[in-house]
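Coordinates from input-v7.csv are shown below (CSV, C-alpha atoms and all ligand atoms).
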```csv
chain,number,residue,atom,x,y,z
W,254,LEU,CA,27.4,-6.5,14.1
W,255,THR,CA,24.3,-4.5,13.1
W,256,ARG,CA,21.8,-6.5,11.1
W,257,ILE,CA,20.4,-4.7,8.1
W,258,PHE,CA,16.8,-5.4,7.0
W,259,GLY,CA,15.5,-4.2,3.7
W,260,SER,CA,11.8,-4.4,4.8
W,261,PRO,CA,9.8,-3.4,7.8
W,262,ARG,CA,8.3,-6.9,7.9
W,263,GLU,CA,11.6,-8.4,8.8
W,264,ALA,CA,12.2,-5.8,11.5
W,265,ALA,CA,8.8,-6.5,12.9
W,266,GLU,CA,9.5,-10.2,13.1
W,267,TRP,CA,12.9,-9.5,14.8
W,268,ALA,CA,11.2,-7.1,17.3
W,269,SER,CA,8.4,-9.5,18.2
W,270,GLU,CA,11.0,-12.3,18.9
W,271,ARG,CA,12.8,-9.9,21.2
W,272,VAL,CA,9.6,-9.1,23.0
W,273,ARG,CA,8.7,-12.8,23.3
W,274,ALA,CA,12.1,-13.4,24.8
W,275,GLY,CA,11.2,-10.9,27.5
W,276,GLU,CA,13.5,-8.2,26.2
W,277,SER,CA,12.9,-4.4,26.0
W,278,VAL,CA,13.2,-2.9,22.5
W,279,GLY,CA,14.2,0.7,21.8
W,280,LEU,CA,13.3,2.3,18.5
W,281,VAL,CA,15.0,5.3,17.0
W,282,PRO,CA,13.0,6.5,14.0
W,283,THR,CA,15.1,8.5,11.5
W,284,MET,CA,15.1,9.7,7.9
W,285,GLY,CA,18.8,8.7,7.5
W,286,ALA,CA,21.7,10.9,6.7
W,287,LEU,CA,22.6,10.2,10.3
W,288,HIS,CA,24.8,12.5,12.3
W,289,GLU,CA,26.1,12.8,15.9
W,290,GLY,CA,22.7,14.0,17.1
W,291,HIS,CA,21.1,10.7,16.0
W,292,LEU,CA,23.9,8.7,17.5
W,293,GLN,CA,23.2,10.3,20.8
W,294,LEU,CA,19.6,8.9,20.6
W,295,VAL,CA,20.9,5.5,19.6
W,296,ARG,CA,23.5,5.4,22.4
W,297,GLU,CA,20.7,6.3,24.9
W,298,SER,CA,18.5,3.5,23.5
W,299,VAL,CA,21.3,1.0,23.7
W,300,ARG,CA,21.9,2.0,27.3
W,301,GLU,CA,18.3,1.7,28.3
W,302,ASN,CA,17.0,-1.3,26.3
W,303,ASP,CA,18.1,-4.9,25.7
W,304,ALA,CA,17.8,-4.4,21.9
W,305,THR,CA,17.8,-1.3,19.7
W,306,CYS,CA,16.6,-0.8,16.2
W,307,VAL,CA,16.9,2.3,13.9
W,308,SER,CA,14.5,2.9,11.1
W,309,VAL,CA,15.7,4.8,8.0
W,310,PHE,CA,12.9,6.0,5.8
W,311,VAL,CA,12.6,9.4,4.1
W,312,ASN,CA,8.9,9.7,4.6
W,313,PRO,CA,7.2,11.4,1.6
W,314,LEU,CA,4.0,12.0,3.6
W,315,GLN,CA,5.6,14.7,5.8
W,316,PHE,CA,7.2,16.8,3.0
W,317,ASP,CA,5.1,19.7,1.8
W,318,GLN,CA,7.7,20.6,-0.9
W,319,GLY,CA,8.7,17.9,-3.5
W,320,LYS,CA,12.0,19.7,-3.9
W,321,ASP,CA,12.9,19.3,-0.2
W,322,PHE,CA,11.9,15.5,-0.4
W,323,ALA,CA,13.9,14.9,-3.6
W,324,SER,CA,17.0,16.6,-2.3
W,325,TYR,CA,16.9,15.2,1.2
W,326,PRO,CA,20.3,13.7,1.8
W,327,ARG,CA,20.5,9.8,1.6
W,328,ASN,CA,23.4,7.6,2.4
W,329,LEU,CA,22.4,4.2,3.7
W,330,GLU,CA,25.8,2.6,3.6
W,331,ARG,CA,27.3,5.3,5.8
W,332,ASP,CA,24.2,5.2,8.1
W,333,ALA,CA,24.8,1.4,8.6
W,334,GLU,CA,28.5,2.1,9.5
W,335,LEU,CA,27.6,4.8,12.0
W,336,VAL,CA,24.9,2.8,13.9
W,337,GLU,CA,27.3,-0.2,14.0
W,338,SER,CA,29.8,2.0,15.7
W,339,VAL,CA,27.4,2.5,18.6
W,340,ALA,CA,26.4,-1.1,18.9
W,341,CYS,CA,22.9,-0.8,17.4
W,342,ASP,CA,21.3,-4.3,16.8
W,343,VAL,CA,19.2,-3.6,13.7
W,344,LEU,CA,18.9,-1.0,11.0
W,345,PHE,CA,15.9,-1.3,8.7
W,346,THR,CA,14.5,0.5,5.8
W,347,GLY,CA,11.9,-0.1,3.1
W,348,ALA,CA,9.8,1.5,0.4
W,349,LEU,CA,6.6,3.4,1.0
W,350,THR,CA,4.6,0.4,-0.2
W,351,ASP,CA,6.4,-1.8,2.3
W,352,PHE,CA,5.4,0.4,5.2
W,353,PHE,CA,1.8,0.8,3.9
W,354,PRO,CA,0.6,-2.6,2.4
W,355,GLU,CA,-2.8,-0.9,1.9
W,356,LEU,CA,-1.2,0.8,-1.2
W,357,ASP,CA,-1.2,-2.6,-2.9
W,358,GLY,CA,2.2,-1.9,-4.3
W,359,ASP,CA,1.1,1.3,-6.0
W,360,ALA,CA,3.1,4.2,-4.4
W,361,SER,CA,0.9,6.8,-6.1
W,362,ARG,CA,-2.3,5.8,-4.3
W,363,TRP,CA,-1.7,7.9,-1.1
W,364,ASP,CA,-5.4,8.3,-0.8
W,365,ARG,CA,-5.5,4.7,0.6
W,366,ILE,CA,-3.4,5.6,3.6
W,367,GLU,CA,-5.5,6.7,6.5
W,368,SER,CA,-3.9,10.0,7.7
W,369,ILE,CA,-3.5,10.4,11.4
W,370,ASP,CA,-4.8,13.5,13.2
W,371,PRO,CA,-1.6,14.8,14.9
W,372,GLY,CA,-3.7,16.5,17.6
W,373,PRO,CA,-3.8,20.1,19.0
W,374,ARG,CA,-0.1,20.5,19.7
W,375,ALA,CA,0.5,20.2,15.9
W,376,ARG,CA,-1.1,23.7,15.6
W,377,GLY,CA,1.0,26.7,15.0
W,378,LEU,CA,4.7,27.1,14.1
W,379,GLU,CA,5.8,24.0,12.1
W,380,GLY,CA,2.2,22.9,11.7
W,381,GLU,CA,1.3,26.2,10.3
W,382,HIS,CA,4.3,26.8,8.1
W,383,ARG,CA,4.5,23.2,6.7
W,384,SER,CA,1.1,22.2,5.7
W,385,GLY,CA,0.3,18.5,6.3
W,386,HIS,CA,3.7,18.0,7.9
W,387,PHE,CA,2.6,16.6,11.3
W,388,GLU,CA,-0.2,14.5,9.7
W,389,GLY,CA,2.6,12.8,7.7
W,390,VAL,CA,4.8,12.5,10.8
W,391,ALA,CA,2.0,11.0,13.0
W,392,THR,CA,1.0,8.6,10.2
W,393,ILE,CA,4.5,7.1,9.7
W,394,VAL,CA,5.4,7.1,13.5
W,395,ARG,CA,2.1,5.4,14.3
W,396,ARG,CA,2.9,2.8,11.6
W,397,LEU,CA,6.4,2.3,13.1
W,398,PHE,CA,5.0,1.9,16.6
W,399,GLU,CA,2.5,-0.7,15.3
W,400,LEU,CA,5.2,-2.7,13.5
W,401,ILE,CA,7.9,-2.7,16.1
W,402,ARG,CA,5.9,-2.3,19.3
W,403,PRO,CA,8.9,-0.7,21.0
W,404,THR,CA,9.2,-0.4,24.8
W,405,ARG,CA,10.7,3.1,24.3
W,406,ALA,CA,11.1,5.4,21.3
W,407,TYR,CA,13.7,8.2,21.0
W,408,PHE,CA,13.3,11.7,19.5
W,409,GLY,CA,15.6,14.7,19.5
W,410,GLU,CA,14.6,17.9,21.3
W,411,LYS,CA,15.6,20.0,18.2
W,412,ASP,CA,12.3,19.1,16.7
W,413,PHE,CA,10.5,20.2,19.8
W,414,GLN,CA,7.0,20.4,18.4
W,415,GLN,CA,7.4,16.9,16.9
W,416,THR,CA,8.3,15.6,20.4
W,417,LEU,CA,4.9,17.0,21.6
W,418,VAL,CA,3.0,15.4,18.7
W,419,VAL,CA,4.6,11.9,19.2
W,420,THR,CA,4.1,12.1,22.9
W,421,ASP,CA,0.4,12.7,22.4
W,422,LEU,CA,0.3,9.9,19.8
W,423,ALA,CA,2.0,7.4,22.1
W,424,GLU,CA,-0.3,8.3,24.9
W,425,SER,CA,-3.3,7.7,22.6
W,426,MET,CA,-1.9,4.3,21.7
W,427,GLY,CA,-0.9,3.4,25.3
W,428,ALA,CA,2.8,2.9,24.4
W,429,PRO,CA,5.7,3.3,23.9
W,430,VAL,CA,7.5,5.5,26.4
W,431,ILE,CA,8.7,8.6,24.6
W,432,ARG,CA,12.3,9.7,25.5
W,433,VAL,CA,13.3,13.2,24.4
W,434,ILE,CA,17.0,13.7,24.1
W,435,PRO,CA,18.6,17.2,24.4
W,436,THR,CA,19.8,18.9,21.2
W,437,PHE,CA,23.3,18.0,20.3
W,438,ARG,CA,25.4,21.0,19.1
W,439,GLU,CA,28.7,21.5,17.3
W,440,ALA,CA,31.3,23.6,19.2
W,441,SER,CA,30.0,26.6,17.2
W,442,GLY,CA,26.6,26.1,18.7
W,443,LEU,CA,25.0,24.9,15.5
W,444,ALA,CA,22.5,22.2,16.2
W,445,PHE,CA,23.2,18.9,14.3
W,446,SER,CA,20.7,18.4,11.5
W,447,SER,CA,20.7,16.3,8.3
W,448,ARG,CA,19.9,19.5,6.4
W,449,ASN,CA,23.2,21.0,7.4
W,450,ALA,CA,24.7,18.9,4.7
W,451,ARG,CA,23.1,21.4,2.2
W,452,LEU,CA,25.1,24.3,3.6
W,453,SER,CA,28.2,25.8,2.0
W,454,GLU,CA,31.0,26.6,4.3
W,455,GLN,CA,29.9,30.2,4.4
W,456,GLN,CA,26.3,29.3,5.0
W,457,ARG,CA,27.3,27.0,7.8
W,458,GLU,CA,29.0,30.0,9.5
W,459,LEU,CA,25.9,32.1,8.9
W,460,ALA,CA,23.8,29.3,10.4
W,461,THR,CA,25.5,29.7,13.7
W,462,SER,CA,23.4,32.9,14.1
W,463,LEU,CA,20.4,30.7,15.1
W,464,SER,CA,22.0,29.3,18.3
W,465,ARG,CA,23.7,32.7,18.9
W,466,GLY,CA,20.3,34.3,18.9
W,467,LEU,CA,18.9,31.7,21.3
W,468,PHE,CA,21.8,31.8,23.7
W,469,SER,CA,21.8,35.6,23.7
W,470,ALA,CA,18.1,35.6,24.6
W,471,ARG,CA,19.0,33.2,27.4
W,472,ASP,CA,21.8,35.5,28.6
W,473,ALA,CA,19.2,38.4,28.6
W,474,TRP,CA,16.9,36.2,30.6
W,475,ARG,CA,19.6,35.6,33.1
W,476,GLY,CA,20.2,39.3,33.3
W,477,GLY,CA,16.6,39.7,34.4
W,478,GLU,CA,14.8,40.4,31.1
W,479,ARG,CA,11.3,39.0,31.1
W,480,ARG,CA,9.5,41.0,28.4
W,481,ALA,CA,8.6,38.6,25.6
W,482,ASP,CA,9.1,41.2,22.8
W,483,GLN,CA,12.6,42.1,24.1
W,484,LEU,CA,13.6,38.5,24.3
W,485,VAL,CA,12.4,38.0,20.7
W,486,ALA,CA,14.2,41.1,19.7
W,487,CYS,CA,17.5,39.7,21.1
W,488,ILE,CA,17.1,36.7,18.8
W,489,ARG,CA,16.1,38.7,15.8
W,490,ALA,CA,19.1,41.0,16.2
W,491,GLU,CA,21.4,38.0,15.5
W,492,LEU,CA,19.3,36.9,12.5
W,493,GLU,CA,19.5,40.2,10.7
W,494,SER,CA,22.0,39.2,8.0
W,495,PRO,CA,21.7,39.0,4.3
W,496,GLY,CA,21.5,35.3,3.5
W,497,LEU,CA,19.1,34.5,6.4
W,498,ASP,CA,15.4,34.5,5.8
W,499,VAL,CA,13.5,34.3,9.1
W,500,GLU,CA,10.2,32.3,9.0
W,501,TYR,CA,9.4,32.7,12.7
W,502,VAL,CA,10.8,33.6,16.1
W,503,GLU,CA,8.4,32.9,18.9
W,504,LEU,CA,8.3,32.3,22.6
W,505,ARG,CA,6.0,29.7,24.0
W,506,ASP,CA,5.1,28.5,27.5
W,507,PRO,CA,7.3,25.4,28.0
W,508,ASP,CA,4.5,23.3,29.3
W,509,ARG,CA,1.3,24.7,27.7
W,510,TRP,CA,1.6,24.7,23.9
W,511,GLU,CA,-2.0,25.7,23.5
W,512,ALA,CA,-1.3,29.0,25.2
W,513,GLY,CA,0.2,30.2,21.8
W,514,ALA,CA,2.8,32.9,21.4
W,515,LEU,CA,3.7,34.6,24.6
W,516,SER,CA,3.6,38.3,25.1
W,517,GLY,CA,4.0,40.8,27.9
W,518,GLU,CA,6.1,39.6,31.0
W,519,VAL,CA,6.7,35.9,31.1
W,520,ASP,CA,7.9,33.6,33.9
W,521,ALA,CA,9.0,30.7,31.8
W,522,ALA,CA,9.7,30.4,28.1
W,523,ARG,CA,11.0,28.2,25.3
W,524,ALA,CA,12.1,30.2,22.2
W,525,LEU,CA,11.6,28.5,18.8
W,526,ILE,CA,12.9,29.6,15.5
W,527,ALA,CA,12.8,28.6,11.8
W,528,VAL,CA,15.2,30.2,9.3
W,529,ASP,CA,16.0,29.6,5.7
W,530,VAL,CA,19.7,29.6,5.1
W,531,GLY,CA,20.2,29.2,1.3
W,532,ALA,CA,18.5,25.9,0.3
W,533,ALA,CA,18.3,24.6,3.9
W,534,ARG,CA,15.4,25.3,6.2
W,535,LEU,CA,16.8,25.1,9.7
W,536,ILE,CA,14.9,25.0,13.0
W,537,ASP,CA,16.2,25.4,16.6
W,538,ASN,CA,14.8,26.0,20.0
W,539,LEU,CA,16.0,26.7,23.6
W,540,ARG,CA,14.4,26.8,26.9
W,541,LEU,CA,15.3,30.2,28.3
W,542,ASP,CA,14.6,29.6,32.0
W,543,ASP,CA,16.8,26.5,32.4
W,544,GLY,CA,20.5,26.1,32.1
W,545,ALA,CA,20.6,22.4,31.5
W,546,ASP,CA,21.4,22.4,27.8
W,547,GLU,CA,24.3,24.8,28.2
W,548,LEU,CA,26.5,21.8,29.1
W,549,ARG,CA,26.1,20.4,25.7
W,550,ARG,CA,27.0,23.6,23.9
W,601,LIG,O1,12.5,13.5,12.9
W,601,LIG,C1,12.5,12.8,11.9
W,601,LIG,O2,13.6,12.4,11.3
W,601,LIG,C2,11.2,12.3,11.3
W,601,LIG,O3,10.2,13.3,11.4
W,601,LIG,C3,10.7,11.0,11.8
W,601,LIG,C4,10.4,11.1,13.3
W,601,LIG,C5,11.7,9.9,11.6
W,601,LIG,C6,9.4,10.6,11.1
W,601,LIG,O4,9.6,10.4,9.7
```
Would you mind writing the structure in this file as structure tokens?
Amino acid sequence: LTRIFGSPREAAEWASERVRAGESVGLVPTMGALHEGHLQLVRESVRENDATCVSVFVNPLQFDQGKDFASYPRNLERDAELVESVACDVLFTGALTDFFPELDGDASRWDRIESIDPGPRARGLEGEHRSGHFEGVATIVRRLFELIRPTRAYFGEKDFQQTLVVTDLAESMGAPVIRVIPTFREASGLAFSSRNARLSEQQRELATSLSRGLFSARDAWRGGERRADQLVACIRAELESPGLDVEYVELRDPDRWEAGALSGEVDAARALIAVDVGAARLIDNLRLDDGADELRR
């Protein structure tokens, strides 16, 4: 049975008991509205650790648009059922003031929260298009790491730039080990995302253009195409539909984020995209020079 804690303090006590007992603890940070993609992370944590906890907290610090925060899907009861189905030990949640006692119970005093510098890999793409987003992510993730002191923490590759930011954060803190789990896709190719819940049936169909674009760029790569602009054009060609509003399509060096957008001939590449589909802002990415994630298509 999964234990449910309504405050991070209870979860912190539980985790410190586990660690005192010599057990490893896995943490899966989430904003709830759990789906199969999250469950993959939880399964991996259950497999790799003696004890696993999932946090569910829709973190207002990382939303640059109040509307997106207000309409973010929430369903704690269902989340609890789902994590129980994969043998998770603990699910915990709490209010902003529980995670940040320095607010003294006043959720409006955000100025009292020390914002964490998310580092150089927060620059560009999501960091540029969502002002303050990675500061908010780094601030809550650091707090979660301080509370739970996990052995390992699990993040999905769909949020690729986030995995870079939390890896740098964990390195600066000396722990935990960050595990990045490949993107889980529906049979249509659509990457699982809590924001998919906002899509109508027609928009969901349209949203499959994101992965189609990425996989068509990878097919082009396999056919020998190495010109960055041509690879980007392959992706954009799939995104040229009314109803899709492209924010960015960019190729980056898979290992050197600071190199910025790639141009000319490339010898390795990850393609990253952000597209508005109706009220949902969707992101996806794919490494072009590697066939590994094809298996999970
Ligand atoms: O990826 C998410 O759901 C969030 O950014 C995270 C890591 C839970 C921090 O709020």
Skip Glu297 in chain W itself and residues of its chain fewer than 6 positions away, then list as an NGL selection string all residues within 12 Å of it, counting only C-alpha atoms.
-> :W and (279-281 or 290-291 or 303-306 or 339-341 or 405-409 or 432-435)
Store the residues of this selection in a file with C-alpha atoms, as a PDB file, in the frame of the given file.
```pdb
ATOM      1  CA  GLY W 279      14.200   0.700  21.800  1.00  0.00           C
ATOM      2  CA  LEU W 280      13.300   2.300  18.500  1.00  0.00           C
ATOM      3  CA  VAL W 281      15.000   5.300  17.000  1.00  0.00           C
ATOM      4  CA  GLY W 290      22.700  14.000  17.100  1.00  0.00           C
ATOM      5  CA  HIS W 291      21.100  10.700  16.000  1.00  0.00           C
ATOM      6  CA  ASP W 303      18.100  -4.900  25.700  1.00  0.00           C
ATOM      7  CA  ALA W 304      17.800  -4.400  21.900  1.00  0.00           C
ATOM      8  CA  THR W 305      17.800  -1.300  19.700  1.00  0.00           C
ATOM      9  CA  CYS W 306      16.600  -0.800  16.200  1.00  0.00           C
ATOM     10  CA  VAL W 339      27.400   2.500  18.600  1.00  0.00           C
ATOM     11  CA  ALA W 340      26.400  -1.100  18.900  1.00  0.00           C
ATOM     12  CA  CYS W 341      22.900  -0.800  17.400  1.00  0.00           C
ATOM     13  CA  ARG W 405      10.700   3.100  24.300  1.00  0.00           C
ATOM     14  CA  ALA W 406      11.100   5.400  21.300  1.00  0.00           C
ATOM     15  CA  TYR W 407      13.700   8.200  21.000  1.00  0.00           C
ATOM     16  CA  PHE W 408      13.300  11.700  19.500  1.00  0.00           C
ATOM     17  CA  GLY W 409      15.600  14.700  19.500  1.00  0.00           C
ATOM     18  CA  ARG W 432      12.300   9.700  25.500  1.00  0.00           C
ATOM     19  CA  VAL W 433      13.300  13.200  24.400  1.00  0.00           C
ATOM     20  CA  ILE W 434      17.000  13.700  24.100  1.00  0.00           C
ATOM     21  CA  PRO W 435      18.600  17.200  24.400  1.00  0.00           C
TER      22      PRO W 435
END
```
Sort by chain and increasing residue number a table of all residues of chain W within 10 Å of ligand LIG 601 (chain W), each with its closest pair of atoms and their distance in Å to one decimal, counting all atoms listed in the file, and write it as a tab-separated table.
```
residue	atom	partner	partner_atom	distance
W:Val281	CA	W:LIG601	C5	7.8
W:Pro282	CA	W:LIG601	C5	4.4
W:Thr283	CA	W:LIG601	C5	3.7
W:Met284	CA	W:LIG601	O2	4.6
W:Gly285	CA	W:LIG601	O2	7.4
W:Ala286	CA	W:LIG601	O2	9.4
W:Leu287	CA	W:LIG601	O2	9.3
W:His291	CA	W:LIG601	O2	9.0
W:Val307	CA	W:LIG601	C5	9.5
W:Ser308	CA	W:LIG601	C5	7.6
W:Val309	CA	W:LIG601	C5	7.4
W:Phe310	CA	W:LIG601	O4	6.7
W:Val311	CA	W:LIG601	O4	6.4
W:Asn312	CA	W:LIG601	O4	5.2
W:Pro313	CA	W:LIG601	O4	8.5
W:Leu314	CA	W:LIG601	O4	8.4
W:Gln315	CA	W:LIG601	O4	7.0
W:Phe316	CA	W:LIG601	O4	9.6
W:His386	CA	W:LIG601	O3	8.8
W:Phe387	CA	W:LIG601	O3	8.3
W:Gly389	CA	W:LIG601	O4	7.7
W:Val390	CA	W:LIG601	C6	5.0
W:Ala391	CA	W:LIG601	C6	7.7
W:Thr392	CA	W:LIG601	C6	8.7
W:Ile393	CA	W:LIG601	O4	6.1
W:Val394	CA	W:LIG601	C6	5.8
W:Arg395	CA	W:LIG601	C6	9.5
W:Leu397	CA	W:LIG601	C6	9.0
W:Ala406	CA	W:LIG601	C4	9.8
W:Tyr407	CA	W:LIG601	C4	8.9
W:Phe408	CA	W:LIG601	C4	6.9
W:Gly409	CA	W:LIG601	O1	7.4
W:Glu410	CA	W:LIG601	O1	9.7
W:Lys411	CA	W:LIG601	O1	8.9
W:Asp412	CA	W:LIG601	O1	6.8
W:Phe413	CA	W:LIG601	O1	9.8
W:Gln415	CA	W:LIG601	O3	7.1
W:Thr416	CA	W:LIG601	C4	8.7
W:Val419	CA	W:LIG601	C4	8.3
W:Ser446	CA	W:LIG601	O2	9.3
W:Ser447	CA	W:LIG601	O2	8.6
```
A straight line from CA of Leu254 in chain W to CA of Glu330 in chain W spans 14.0 Å
Between CA of Ala423 in chain W and CA of Phe398 in chain W lies a distance of 8.3 Å
- prompt: Which distance in Å separates CA of Asp351 in chain W and CA of Gly259 in chain W, to one decimal?
  reply: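 These two atoms are separated by 9.5 Å.
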Q. Quick one: of W:Ser469, W:Thr255, W:Ser464, W:Ser324, who's nearest to Ala533 in chain W, counting only C-alpha atoms?
A.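 So, comparing all the options, the nearest one is W:Ser324.
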List the spatial neighbours of Thr350 in chain W as number ranges by chain - criterion: any atom at most 7 Å away, all atoms listed in the file, same-chain residues fewer than 3 positions off excluded. W: 353-354, 356, 358-360
**Message:** I want to know what sits within 8 Å of Phe445 in chain W, based on all atoms listed in the file, with residues of the same chain fewer than 6 positions away left out; could you give that as a list in words?
**Reply:**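 The contact residues come out as His288, Glu289, Gly290, Thr436, Phe437, Arg438 and Glu439 of chain W.
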Next on the checklist: When you count all atoms listed in the file, which of these residues is closest to Met426 in chain W: W:Lys320, W:Leu335, W:Arg505, W:Arg396?
Outcome noted: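 For Met426 in chain W, the nearest of the candidates is W:Arg396.
Proximity of W:Ile526, W:Ala323, W:Ala450, W:Ala521 to Asp543 in chain W, computed with only C-alpha atoms, is greatest for W:Ala521.
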Surrounding residues of range 478-490 of chain W excluding itself and chain neighbours under 5 positions, 6 Å, all atoms listed in the file, as a list in words
Gly466, Leu467, Ala470, Ala473, Ser516, Gly517, Glu518 and Val519 of chain W
(message) List as a PyMOL selection string the protein and nucleic acid residues near Tyr501 in chain W, meaning an atom at most 10 Å away when all atoms listed in the file are counted, but skip any in the same chain fewer than 6 places from it.
(response) chain W and resi 378-379+382+489+525-528+536
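The residue that comes closest to Asp498 in chain W, out of W:Asp317, W:Asp537, W:Asp520, W:Asp529 and on the basis of all atoms listed in the file, is W:Asp529.
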